[in-house]
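Here the structure comes first, spelled out in structure tokens, and everything after it is commentary.
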Amino acid sequence: MKSSACRTVANQLRITRIIDTRAESPTVKTFVFEDELCRRAKPGQFLMLWIPGVDEIPLSIMDARDDGRVAVSVRALGEATVALHQKRAGESVGVRGPFGNYFTFNGGKLLLVGGGTGVAPLMFLTRRLISRTVGATFVLGAKTRDELLFRSELEKVGAKRVRLVTSTEDGSCGLTGLCTEPLGQMLERERFDVVYACGPEQMILKVFELTEQRGVPMQASLERLMRCAIGLCGSCVIGKYRVCTDGPVFTSKQLRHVRNEFGKSKRDRCGKKVPLD
Amino acid sequence: MKEAGLGVDLAGLRLANPTMLASGILGYSAEMLVDVVKTGAGAVVTKSVSQKPRGGYANPTVVQADCGVINAVGLPNPGIEEFSKEIRRAKAVVSVPLVVSVFGFSAEEYASVARKALGAGADGVELNVSCPHVKNTGSEIGQEPKILAEVIRKVKVSADKPVLVKLSPNVTSMSDVASAAVRAGADALTVMNTVKAMAIDVETAMPVLANRVGGLSGAAVKPIALRNVYEVYEQVDVPIVGCGGIADWRDAVEFLLAGASAVQIGTAIADEGLGVFRAVARGIGTYLKRKGLVSVSEIVGLSHRS
């Protein structure tokens with residue numbers, strides 16, 4: 001009998017009912033469902049969500065609890081996500097996963113930088129680390145005040161343990177501009193042991209450059225076109241890495257190896273290298 | 001110890017060891033191909049490439065089956081013009097044979113893509129005449145011996161390097177198709193592509209794959225692939241590359257004993273990681289040593305002696 005690796009088990013498609021939905025912003029909704037495998041997921045891991053008859057898409061896990069509840073937060077953007085936003089509690093979706101690696105933590109002071117829906121996996125990470133860290137700063141960025149995700153939860157859970165810095169591109173809440181703008185000063189004034197980033201790749205690139213200058217290790221979650229999610233099809237390659245199995249979380253050291261693609265290009269549906277949007 | 005004695009001559013291709021990356025797996029980018037070689041593959045086959053770019057099918061493109069995976073990715077590729085850049089970049093670095101998997105929607109297209117791939121530096125081409133989930137190509141060609149023969153002849157006219165032909169199990173007699181392929185000039189045969197299959201979700205009462213049907217690979221198809229290699233070996237004189245569910249050295253040795261000169265590995269990477277190539281190659285080496293043999297060729301087809 002051959003060893004059947006856990007990846008095969010995780011790849012079995014499960015059908016589950018949505019048990020709750022809630023609006024996080026005018027464009028982002030959270031979907032909660034039960035799943036035996038994903039409830040054990042670690043922050044940074046992703047799942048493949050099947051919207052029957054429409055599409056199957058990769059989503060970062062936003063929360064996973066011992067009671068079996070798993071949550072993802074999704075912006076209505078394309079055909080699949082718009083269709084998902086129509087789903088109500090009681091309707092069925094398919095789930096594969098959890099897939100990929102996860103954020104690691106070795107203690108100390110941490111800085112989290114999240115832009116747009118990239119805040120979702122960092123929110124999951126914050127919930128897990130909050131009791132173990134000696135101090136955390138969360139830089140939360142969005143285009144407008146309405147789109148700042150999980151602000152009230154961060155304010156509540158974080159009251160004493162997490163310093164929250166908000167920034168909006170239109171200046172409607174907190175600092176005005178991109179969420180990477182205050183980072184240079186923050187990294188200069190304070191010594192962080194690790195920086196976690198997720199959001200638009202240009203943002204992550206900026207965080208990477210700033211942390212490289214200061215010699216602070218970073219872990220960032222990247223996004224690429226995903227098909228098989230089990231390391232076979234090659235759709236999600238960046239350099240020599242497969243985002244689905246070598247990632248989605250990459251360290252500064254790994255990102256240095258893919259400088260010619262990171263923040264610059266991705267592969268389209270045909271596998272052709274194209275500039276990032 | 002260096003993996004001495006594991007080298008294989010496959011229709012003129014000098015493989016570092018009998019393991020090859022199967023087509024359709026990972027082979028989009030030069031960096032990925034280079035990394036697969038670093039992890040121990042004796043040769044690599046790229047993803048299948050066509051004349052024009054293709055975007056492939058909508059997801060779900062992959063669904064897990066018991067002991068295997070069903071896929072209908074839809075042959076996405078950037079087209080041979082764009083892919084030639086990756087071929088050149090990979091060839092500048094890798095020391096083992098780089099085989100480009102080729103498909104088209106006519107004999108002329110197969111020939112044209114093969115010519116361009118070889119022009120870009122490929123060491124050989126493998127004709128995908130066996131993909132079970134794209135219309136007017138793949139197995140629709142490989143299931144018709146006359147059309148198949150025409151494709152191979154057209155490719156051979158301008159190909160100055162080995163032409164492998166990857167056969168479909170979705171036929172009445174693979175041996176008959178194999179004979180037709182060899183008569184038309186195939187230098188080697190890859191046995192086999194995926195088995196046409198599907199999965200239906202009972203809750204939604206829907207086929208899971210967006211394309212409804214796909215190809216089954218992995219451990220589930222291994223005994224079928226092995227039997228096909230065994231039968232084709234008795235029928236033809238060109239080398240055979242075994243492909244289908246190979247995950248460890250024992251699987252690989254079974255294929256060699258059945259008549260394969262080399263083996264391709266794909267689906268097993270999902271569970272075993274890229275280390276599977278080195279593990280399989282080393283295992284074959286250990287087996288040969290234990291049997292007091294010095295080269296892979298000594299066991300090719302050995303199970304046919306009785």
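Ordering of the structure tokens sets the chain letters (A, B, ...); residue numbers start at 1 within each chain; ligands are numbered from 1 in the order shown.
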6 Å contacts from chain B to chain A using only C-alpha atoms, as a ChimeraX atom specification
/B:25-26,31-32,54-55,59-60,62,64,76-78,270-271
Restricted to C-alpha atoms, what would the selected residues look like written as an mmCIF file, in the first residue's frame?
data_model
loop_
_atom_site.group_PDB
_atom_site.id
_atom_site.type_symbol
_atom_site.label_atom_id
_atom_site.label_comp_id
_atom_site.auth_asym_id
_atom_site.auth_seq_id
_atom_site.Cartn_x
_atom_site.Cartn_y
_atom_site.Cartn_z
ATOM 1 C CA ILE B 25 2.845 19.165 -16.313
ATOM 2 C CA LEU B 26 4.579 22.394 -15.265
ATOM 3 C CA GLU B 31 12.787 28.438 -15.035
ATOM 4 C CA MET B 32 10.381 25.654 -14.117
ATOM 5 C CA ARG B 54 -4.953 29.068 -26.454
ATOM 6 C CA GLY B 55 -6.519 30.085 -23.158
ATOM 7 C CA ASN B 59 -12.338 26.035 -14.013
ATOM 8 C CA PRO B 60 -12.903 23.474 -12.620
ATOM 9 C CA VAL B 62 -9.060 19.411 -12.347
ATOM 10 C CA GLN B 64 -9.651 14.450 -7.719
ATOM 11 C CA PRO B 76 -3.613 26.336 -22.773
ATOM 12 C CA ASN B 77 -0.356 27.583 -24.281
ATOM 13 C CA PRO B 78 1.115 30.866 -25.511
ATOM 14 C CA ALA B 270 1.288 16.356 -6.653
ATOM 15 C CA ASP B 271 1.932 13.914 -3.828
#
DSSP strand (DSSP E) selection over region 8-65 of chain B, as a ChimeraX atom specification:
/B:8-10,13-15,19-21,43-45,62-65
Could you dump the residues just selected with N, CA and C atoms as a compact mmCIF listing (two decimals), in the first residue's frame?
# COMPACT_ATOMS: atom_id res chain seq x y z
N VAL B 8 20.25 6.52 -20.65
CA VAL B 8 19.41 5.79 -21.58
C VAL B 8 19.51 6.45 -22.96
N ASP B 9 19.63 5.65 -24.00
CA ASP B 9 19.58 6.18 -25.36
C ASP B 9 18.16 5.94 -25.88
N LEU B 10 17.47 7.05 -26.12
CA LEU B 10 16.09 6.94 -26.57
C LEU B 10 16.01 7.53 -27.98
N LEU B 13 18.17 10.32 -28.36
CA LEU B 13 18.21 11.26 -27.24
C LEU B 13 18.97 10.61 -26.10
N ARG B 14 19.92 11.36 -25.53
CA ARG B 14 20.74 10.81 -24.45
C ARG B 14 20.15 11.26 -23.12
N LEU B 15 19.37 10.41 -22.49
CA LEU B 15 18.75 10.74 -21.21
C LEU B 15 19.74 10.49 -20.07
N THR B 19 14.06 8.70 -16.19
CA THR B 19 12.86 9.47 -15.82
C THR B 19 12.71 10.74 -16.64
N MET B 20 11.50 11.01 -17.07
CA MET B 20 11.21 12.22 -17.84
C MET B 20 10.01 12.93 -17.23
N LEU B 21 10.00 14.25 -17.33
CA LEU B 21 8.79 15.01 -16.97
C LEU B 21 7.77 14.79 -18.07
N ALA B 43 15.15 13.83 -18.56
CA ALA B 43 14.75 14.60 -19.74
C ALA B 43 13.43 15.27 -19.38
N VAL B 44 13.08 16.32 -20.12
CA VAL B 44 11.81 16.99 -19.85
C VAL B 44 10.99 17.15 -21.12
N VAL B 45 9.68 17.04 -20.96
CA VAL B 45 8.76 17.31 -22.06
C VAL B 45 7.94 18.53 -21.64
N VAL B 62 -9.65 20.59 -12.98
CA VAL B 62 -9.06 19.41 -12.35
C VAL B 62 -9.99 18.91 -11.25
N VAL B 63 -10.21 17.62 -11.20
CA VAL B 63 -11.00 17.06 -10.10
C VAL B 63 -10.33 15.77 -9.62
N GLN B 64 -10.27 15.63 -8.31
CA GLN B 64 -9.65 14.45 -7.72
C GLN B 64 -10.57 13.25 -7.89
N ALA B 65 -9.99 12.11 -8.29
CA ALA B 65 -10.74 10.86 -8.34
C ALA B 65 -10.08 9.92 -7.33
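Across the model, the gap from CA of Val125 (chain B) to CA of Tyr28 (chain B) is 15.3 Å.
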Leaving out Thr168 (chain A) and any residue of its chain fewer than 2 positions from it, which residues lie within 10 Å of it when counting only C-alpha atoms, given as a list in words?
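Within the cut-off, the hits are Gly115, Leu140, Gly141, Ala142, Lys143, Thr144, Arg145, Asp146, Glu147, Leu148, Thr166, Asp170, Gly171, Ser172, Cys173, Gly174, Leu175, Thr176, Gly177, Leu178 and Cys179 of chain A.
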With C-alpha atoms retained, write the just-selected residues as a short mmCIF file (atom, residue, chain, number, x, y, z; two decimals), in the first residue's frame.
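New file out-v5.cif:
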data_model
loop_
_atom_site.label_atom_id
_atom_site.label_comp_id
_atom_site.auth_asym_id
_atom_site.auth_seq_id
_atom_site.Cartn_x
_atom_site.Cartn_y
_atom_site.Cartn_z
CA GLY A 115 -4.31 46.50 1.02
CA LEU A 140 -4.79 48.89 6.82
CA GLY A 141 -5.19 50.40 3.38
CA ALA A 142 -8.03 50.89 0.92
CA LYS A 143 -9.19 53.28 -1.76
CA THR A 144 -11.91 54.81 0.45
CA ARG A 145 -13.16 54.71 4.05
CA ASP A 146 -16.03 52.37 3.07
CA GLU A 147 -13.59 49.84 1.69
CA LEU A 148 -11.36 49.55 4.77
CA THR A 166 -5.46 53.32 8.49
CA ASP A 170 -8.90 59.54 -1.12
CA GLY A 171 -8.08 60.64 2.41
CA SER A 172 -11.55 59.82 3.74
CA CYS A 173 -10.09 57.97 6.71
CA GLY A 174 -6.69 58.06 8.35
CA LEU A 175 -3.64 58.90 6.30
CA THR A 176 -4.07 60.01 2.72
CA GLY A 177 -2.42 58.01 -0.05
CA LEU A 178 -1.10 54.50 -0.49
CA CYS A 179 -0.72 52.39 2.64
#
Show which residues sit within 12 Å of Gln143 (chain B), as a VMD selection string. Count only C-alpha atoms, and ignore same-chain residues fewer than 3 positions away.
chain B and resid 128 to 132 136 to 140 146 to 149 166 to 178 180 to 181
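Take CA of Ala11 (chain B) and CA of Pro97 (chain B): the distance between them is 11.6 Å.
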CA of Cys244 (chain A) to CA of Asn106 (chain A): how many Å, to one decimal?
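One can read the CA of Cys244 (chain A) to CA of Asn106 (chain A) distance as 23.6 Å.
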For Val155 (chain B), work out the shell of residues within 12 Å, counting only C-alpha atoms and skipping chain neighbours fewer than 2 positions away, then give it as number ranges by chain.
B: 102-104, 106-118, 124-127, 148-153, 157-165, 181, 184-187
For region 12-78 of chain B against region 274-288 of chain B, with a cut-off of 9 Å and counting only C-alpha atoms, what is the closest atom pair and its distance in Å to one decimal for every residue that makes the cut, ordered by chain and number, as CSV?
residue,atom,partner,partner_atom,distance
B:Asn17,CA,B:Ala281,CA,6.3
B:Pro18,CA,B:Ala281,CA,6.8
B:Thr19,CA,B:Phe277,CA,6.1
B:Met20,CA,B:Phe277,CA,7.7
B:Leu21,CA,B:Phe277,CA,8.2
B:Asp35,CA,B:Leu274,CA,8.8
B:Val36,CA,B:Leu274,CA,6.7
B:Val37,CA,B:Phe277,CA,8.9
B:Thr39,CA,B:Gly275,CA,6.0
B:Gly40,CA,B:Arg278,CA,4.7
B:Ala41,CA,B:Phe277,CA,5.2
B:Gly42,CA,B:Phe277,CA,7.9
Which of these residues is nearest to Ala120 (chain B), using only C-alpha atoms: B:Ala262, B:Ala90, B:Leu256, B:Ile200?
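Selected residue with least distance to Ala120 (chain B): B:Ala90.
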Just the helix (DSSP H, G or I) stuff from region 57-283 of chain B, please, per backbone DSSP, written as a ChimeraX atom specification.
/B:80-91,107-119,139-142,145-158,174-183,219-235,249-258,268-272,276-283
Just C-alpha atoms for this one: save the residues we selected as a PDB file, in the first residue's frame.
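Result file is out11.pdb:
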ATOM      1  CA  ILE B  80       4.876  28.460 -30.622  1.00  0.00           C
ATOM      2  CA  GLU B  81       6.214  31.952 -31.476  1.00  0.00           C
ATOM      3  CA  GLU B  82       6.055  33.056 -27.841  1.00  0.00           C
ATOM      4  CA  PHE B  83       7.045  29.646 -26.492  1.00  0.00           C
ATOM      5  CA  SER B  84      10.182  29.571 -28.664  1.00  0.00           C
ATOM      6  CA  LYS B  85      11.644  32.154 -26.259  1.00  0.00           C
ATOM      7  CA  GLU B  86      11.167  29.746 -23.337  1.00  0.00           C
ATOM      8  CA  ILE B  87      12.714  26.908 -25.373  1.00  0.00           C
ATOM      9  CA  ARG B  88      15.803  29.020 -26.113  1.00  0.00           C
ATOM     10  CA  ARG B  89      16.139  30.155 -22.507  1.00  0.00           C
ATOM     11  CA  ALA B  90      15.751  26.614 -21.163  1.00  0.00           C
ATOM     12  CA  LYS B  91      18.151  25.154 -23.732  1.00  0.00           C
ATOM     13  CA  ALA B 107      -1.188  17.794 -40.288  1.00  0.00           C
ATOM     14  CA  GLU B 108       0.305  21.042 -41.619  1.00  0.00           C
ATOM     15  CA  GLU B 109      -0.058  22.726 -38.233  1.00  0.00           C
ATOM     16  CA  TYR B 110       1.608  19.814 -36.431  1.00  0.00           C
ATOM     17  CA  ALA B 111       4.479  19.994 -38.939  1.00  0.00           C
ATOM     18  CA  SER B 112       4.800  23.764 -38.705  1.00  0.00           C
ATOM     19  CA  VAL B 113       4.823  23.856 -34.881  1.00  0.00           C
ATOM     20  CA  ALA B 114       7.292  20.948 -34.737  1.00  0.00           C
ATOM     21  CA  ARG B 115       9.605  22.686 -37.222  1.00  0.00           C
ATOM     22  CA  LYS B 116       9.543  25.907 -35.199  1.00  0.00           C
ATOM     23  CA  ALA B 117      10.133  24.062 -31.905  1.00  0.00           C
ATOM     24  CA  LEU B 118      13.140  22.258 -33.356  1.00  0.00           C
ATOM     25  CA  GLY B 119      14.311  25.516 -34.903  1.00  0.00           C
ATOM     26  CA  SER B 139      -7.087  11.770 -29.643  1.00  0.00           C
ATOM     27  CA  GLU B 140      -9.367  12.625 -32.550  1.00  0.00           C
ATOM     28  CA  ILE B 141      -6.205  12.296 -34.634  1.00  0.00           C
ATOM     29  CA  GLY B 142      -4.616   9.478 -32.666  1.00  0.00           C
ATOM     30  CA  PRO B 145      -4.621   5.478 -37.997  1.00  0.00           C
ATOM     31  CA  LYS B 146      -4.809   7.072 -41.476  1.00  0.00           C
ATOM     32  CA  ILE B 147      -4.993  10.640 -40.200  1.00  0.00           C
ATOM     33  CA  LEU B 148      -2.360   9.847 -37.584  1.00  0.00           C
ATOM     34  CA  ALA B 149      -0.009   8.488 -40.249  1.00  0.00           C
ATOM     35  CA  GLU B 150      -0.468  11.604 -42.347  1.00  0.00           C
ATOM     36  CA  VAL B 151       0.380  13.848 -39.380  1.00  0.00           C
ATOM     37  CA  ILE B 152       3.531  11.866 -38.575  1.00  0.00           C
ATOM     38  CA  ARG B 153       4.672  11.812 -42.218  1.00  0.00           C
ATOM     39  CA  LYS B 154       4.217  15.582 -42.558  1.00  0.00           C
ATOM     40  CA  VAL B 155       6.154  16.201 -39.338  1.00  0.00           C
ATOM     41  CA  LYS B 156       8.933  13.815 -40.354  1.00  0.00           C
ATOM     42  CA  VAL B 157       9.516  15.582 -43.680  1.00  0.00           C
ATOM     43  CA  SER B 158      11.143  18.539 -41.962  1.00  0.00           C
ATOM     44  CA  MET B 174      -3.359   0.526 -29.226  1.00  0.00           C
ATOM     45  CA  SER B 175      -1.060  -2.015 -30.878  1.00  0.00           C
ATOM     46  CA  ASP B 176      -2.696  -1.374 -34.258  1.00  0.00           C
ATOM     47  CA  VAL B 177      -2.337   2.388 -33.845  1.00  0.00           C
ATOM     48  CA  ALA B 178       1.260   1.904 -32.687  1.00  0.00           C
ATOM     49  CA  SER B 179       2.085  -0.094 -35.810  1.00  0.00           C
ATOM     50  CA  ALA B 180       0.580   2.587 -38.020  1.00  0.00           C
ATOM     51  CA  ALA B 181       2.598   5.261 -36.200  1.00  0.00           C
ATOM     52  CA  VAL B 182       5.848   3.360 -36.627  1.00  0.00           C
ATOM     53  CA  ARG B 183       5.170   2.670 -40.312  1.00  0.00           C
ATOM     54  CA  ALA B 219      -2.245   5.383  -9.885  1.00  0.00           C
ATOM     55  CA  ALA B 220      -5.688   4.379 -11.159  1.00  0.00           C
ATOM     56  CA  VAL B 221      -4.435   4.070 -14.754  1.00  0.00           C
ATOM     57  CA  LYS B 222      -1.089   2.405 -14.068  1.00  0.00           C
ATOM     58  CA  PRO B 223      -2.153  -1.194 -14.730  1.00  0.00           C
ATOM     59  CA  ILE B 224      -3.782  -0.091 -17.996  1.00  0.00           C
ATOM     60  CA  ALA B 225      -0.679   1.774 -19.122  1.00  0.00           C
ATOM     61  CA  LEU B 226       1.507  -1.178 -18.161  1.00  0.00           C
ATOM     62  CA  ARG B 227      -0.583  -3.626 -20.193  1.00  0.00           C
ATOM     63  CA  ASN B 228      -0.476  -1.285 -23.187  1.00  0.00           C
ATOM     64  CA  VAL B 229       3.316  -0.979 -22.985  1.00  0.00           C
ATOM     65  CA  TYR B 230       3.582  -4.760 -22.770  1.00  0.00           C
ATOM     66  CA  GLU B 231       1.400  -5.259 -25.857  1.00  0.00           C
ATOM     67  CA  VAL B 232       2.910  -2.452 -27.934  1.00  0.00           C
ATOM     68  CA  TYR B 233       6.425  -3.776 -27.163  1.00  0.00           C
ATOM     69  CA  GLU B 234       5.513  -7.052 -28.870  1.00  0.00           C
ATOM     70  CA  GLN B 235       4.253  -5.151 -31.891  1.00  0.00           C
ATOM     71  CA  TRP B 249      10.961   3.041  -8.563  1.00  0.00           C
ATOM     72  CA  ARG B 250       8.914  -0.147  -8.417  1.00  0.00           C
ATOM     73  CA  ASP B 251       6.329   1.287 -10.810  1.00  0.00           C
ATOM     74  CA  ALA B 252       9.143   2.426 -13.086  1.00  0.00           C
ATOM     75  CA  VAL B 253      10.863  -0.965 -13.071  1.00  0.00           C
ATOM     76  CA  GLU B 254       7.549  -2.638 -13.921  1.00  0.00           C
ATOM     77  CA  PHE B 255       7.315  -0.436 -17.017  1.00  0.00           C
ATOM     78  CA  LEU B 256      10.923  -1.167 -17.983  1.00  0.00           C
ATOM     79  CA  LEU B 257      10.306  -4.906 -17.614  1.00  0.00           C
ATOM     80  CA  ALA B 258       7.172  -4.533 -19.749  1.00  0.00           C
ATOM     81  CA  ALA B 268       2.827  11.793  -8.890  1.00  0.00           C
ATOM     82  CA  ILE B 269       4.452  15.216  -8.475  1.00  0.00           C
ATOM     83  CA  ALA B 270       1.288  16.356  -6.653  1.00  0.00           C
ATOM     84  CA  ASP B 271       1.932  13.914  -3.828  1.00  0.00           C
ATOM     85  CA  GLU B 272       5.656  13.248  -4.028  1.00  0.00           C
ATOM     86  CA  VAL B 276      10.153  12.000  -7.280  1.00  0.00           C
ATOM     87  CA  PHE B 277      12.541  12.031 -10.273  1.00  0.00           C
ATOM     88  CA  ARG B 278      15.689  11.512  -8.225  1.00  0.00           C
ATOM     89  CA  ALA B 279      13.963   9.002  -5.944  1.00  0.00           C
ATOM     90  CA  VAL B 280      12.772   6.901  -8.887  1.00  0.00           C
ATOM     91  CA  ALA B 281      16.126   7.093 -10.709  1.00  0.00           C
ATOM     92  CA  ARG B 282      18.040   6.089  -7.572  1.00  0.00           C
ATOM     93  CA  GLY B 283      15.607   3.272  -6.906  1.00  0.00           C
TER      94      GLY B 283
END
9 Å contact set for Val113 (chain A), only C-alpha atoms, chain neighbours under 2 positions out, as a list in words:
Leu111, Gly115, Gly118, Val119, Leu122, Thr137, Phe138, Val139, Leu140, Gly141, Cys179, Thr180, Leu183, Val195, Tyr196, Ala197, Cys198, Gly199, Ile204 and Val207 of chain A
Grab the residues selected above and save them as a PDB file, in the first residue's frame with N, CA and C atoms.
ATOM      1  N   LEU A 111       4.786  43.690  12.047  1.00  0.00           N
ATOM      2  CA  LEU A 111       4.110  44.731  11.275  1.00  0.00           C
ATOM      3  C   LEU A 111       3.322  44.048  10.154  1.00  0.00           C
ATOM      4  N   GLY A 115      -3.594  45.590   1.909  1.00  0.00           N
ATOM      5  CA  GLY A 115      -4.312  46.499   1.020  1.00  0.00           C
ATOM      6  C   GLY A 115      -5.488  45.783   0.381  1.00  0.00           C
ATOM      7  N   GLY A 118      -6.565  41.968   0.315  1.00  0.00           N
ATOM      8  CA  GLY A 118      -5.362  41.336   0.853  1.00  0.00           C
ATOM      9  C   GLY A 118      -5.345  41.363   2.373  1.00  0.00           C
ATOM     10  N   VAL A 119      -6.248  42.121   2.950  1.00  0.00           N
ATOM     11  CA  VAL A 119      -6.335  42.188   4.417  1.00  0.00           C
ATOM     12  C   VAL A 119      -6.846  40.858   4.983  1.00  0.00           C
ATOM     13  N   LEU A 122      -4.402  38.356   6.462  1.00  0.00           N
ATOM     14  CA  LEU A 122      -3.685  39.001   7.567  1.00  0.00           C
ATOM     15  C   LEU A 122      -4.579  39.135   8.802  1.00  0.00           C
ATOM     16  N   THR A 137       1.668  46.056  14.774  1.00  0.00           N
ATOM     17  CA  THR A 137       1.132  47.243  14.118  1.00  0.00           C
ATOM     18  C   THR A 137       0.485  46.780  12.828  1.00  0.00           C
ATOM     19  N   PHE A 138      -0.741  47.226  12.597  1.00  0.00           N
ATOM     20  CA  PHE A 138      -1.468  46.804  11.399  1.00  0.00           C
ATOM     21  C   PHE A 138      -1.722  48.037  10.545  1.00  0.00           C
ATOM     22  N   VAL A 139      -1.128  48.054   9.362  1.00  0.00           N
ATOM     23  CA  VAL A 139      -1.393  49.152   8.435  1.00  0.00           C
ATOM     24  C   VAL A 139      -2.464  48.675   7.467  1.00  0.00           C
ATOM     25  N   LEU A 140      -3.617  49.318   7.580  1.00  0.00           N
ATOM     26  CA  LEU A 140      -4.786  48.890   6.822  1.00  0.00           C
ATOM     27  C   LEU A 140      -5.059  49.916   5.723  1.00  0.00           C
ATOM     28  N   GLY A 141      -5.016  49.449   4.477  1.00  0.00           N
ATOM     29  CA  GLY A 141      -5.193  50.398   3.384  1.00  0.00           C
ATOM     30  C   GLY A 141      -6.358  50.040   2.474  1.00  0.00           C
ATOM     31  N   CYS A 179      -1.026  52.839   1.280  1.00  0.00           N
ATOM     32  CA  CYS A 179      -0.718  52.393   2.638  1.00  0.00           C
ATOM     33  C   CYS A 179       0.776  52.143   2.842  1.00  0.00           C
ATOM     34  N   THR A 180       1.537  52.159   1.744  1.00  0.00           N
ATOM     35  CA  THR A 180       2.980  51.943   1.885  1.00  0.00           C
ATOM     36  C   THR A 180       3.709  53.231   2.265  1.00  0.00           C
ATOM     37  N   LEU A 183       5.205  53.620   5.720  1.00  0.00           N
ATOM     38  CA  LEU A 183       6.069  52.503   6.126  1.00  0.00           C
ATOM     39  C   LEU A 183       7.530  52.872   6.323  1.00  0.00           C
ATOM     40  N   VAL A 195       7.746  41.414   8.919  1.00  0.00           N
ATOM     41  CA  VAL A 195       6.682  42.175   8.269  1.00  0.00           C
ATOM     42  C   VAL A 195       5.870  41.208   7.412  1.00  0.00           C
ATOM     43  N   TYR A 196       4.551  41.253   7.553  1.00  0.00           N
ATOM     44  CA  TYR A 196       3.658  40.430   6.725  1.00  0.00           C
ATOM     45  C   TYR A 196       2.905  41.343   5.770  1.00  0.00           C
ATOM     46  N   ALA A 197       2.830  40.953   4.507  1.00  0.00           N
ATOM     47  CA  ALA A 197       2.145  41.807   3.536  1.00  0.00           C
ATOM     48  C   ALA A 197       1.247  41.004   2.614  1.00  0.00           C
ATOM     49  N   CYS A 198       0.103  41.583   2.297  1.00  0.00           N
ATOM     50  CA  CYS A 198      -0.776  41.002   1.289  1.00  0.00           C
ATOM     51  C   CYS A 198      -1.639  42.119   0.708  1.00  0.00           C
ATOM     52  N   GLY A 199      -1.800  42.066  -0.605  1.00  0.00           N
ATOM     53  CA  GLY A 199      -2.568  43.105  -1.282  1.00  0.00           C
ATOM     54  C   GLY A 199      -2.136  43.166  -2.735  1.00  0.00           C
ATOM     55  N   ILE A 204       2.956  45.165  -2.486  1.00  0.00           N
ATOM     56  CA  ILE A 204       3.869  44.209  -1.852  1.00  0.00           C
ATOM     57  C   ILE A 204       5.311  44.496  -2.269  1.00  0.00           C
ATOM     58  N   VAL A 207       6.597  47.300  -0.243  1.00  0.00           N
ATOM     59  CA  VAL A 207       6.914  46.836   1.116  1.00  0.00           C
ATOM     60  C   VAL A 207       8.230  46.069   1.107  1.00  0.00           C
TER      61      VAL A 207
END
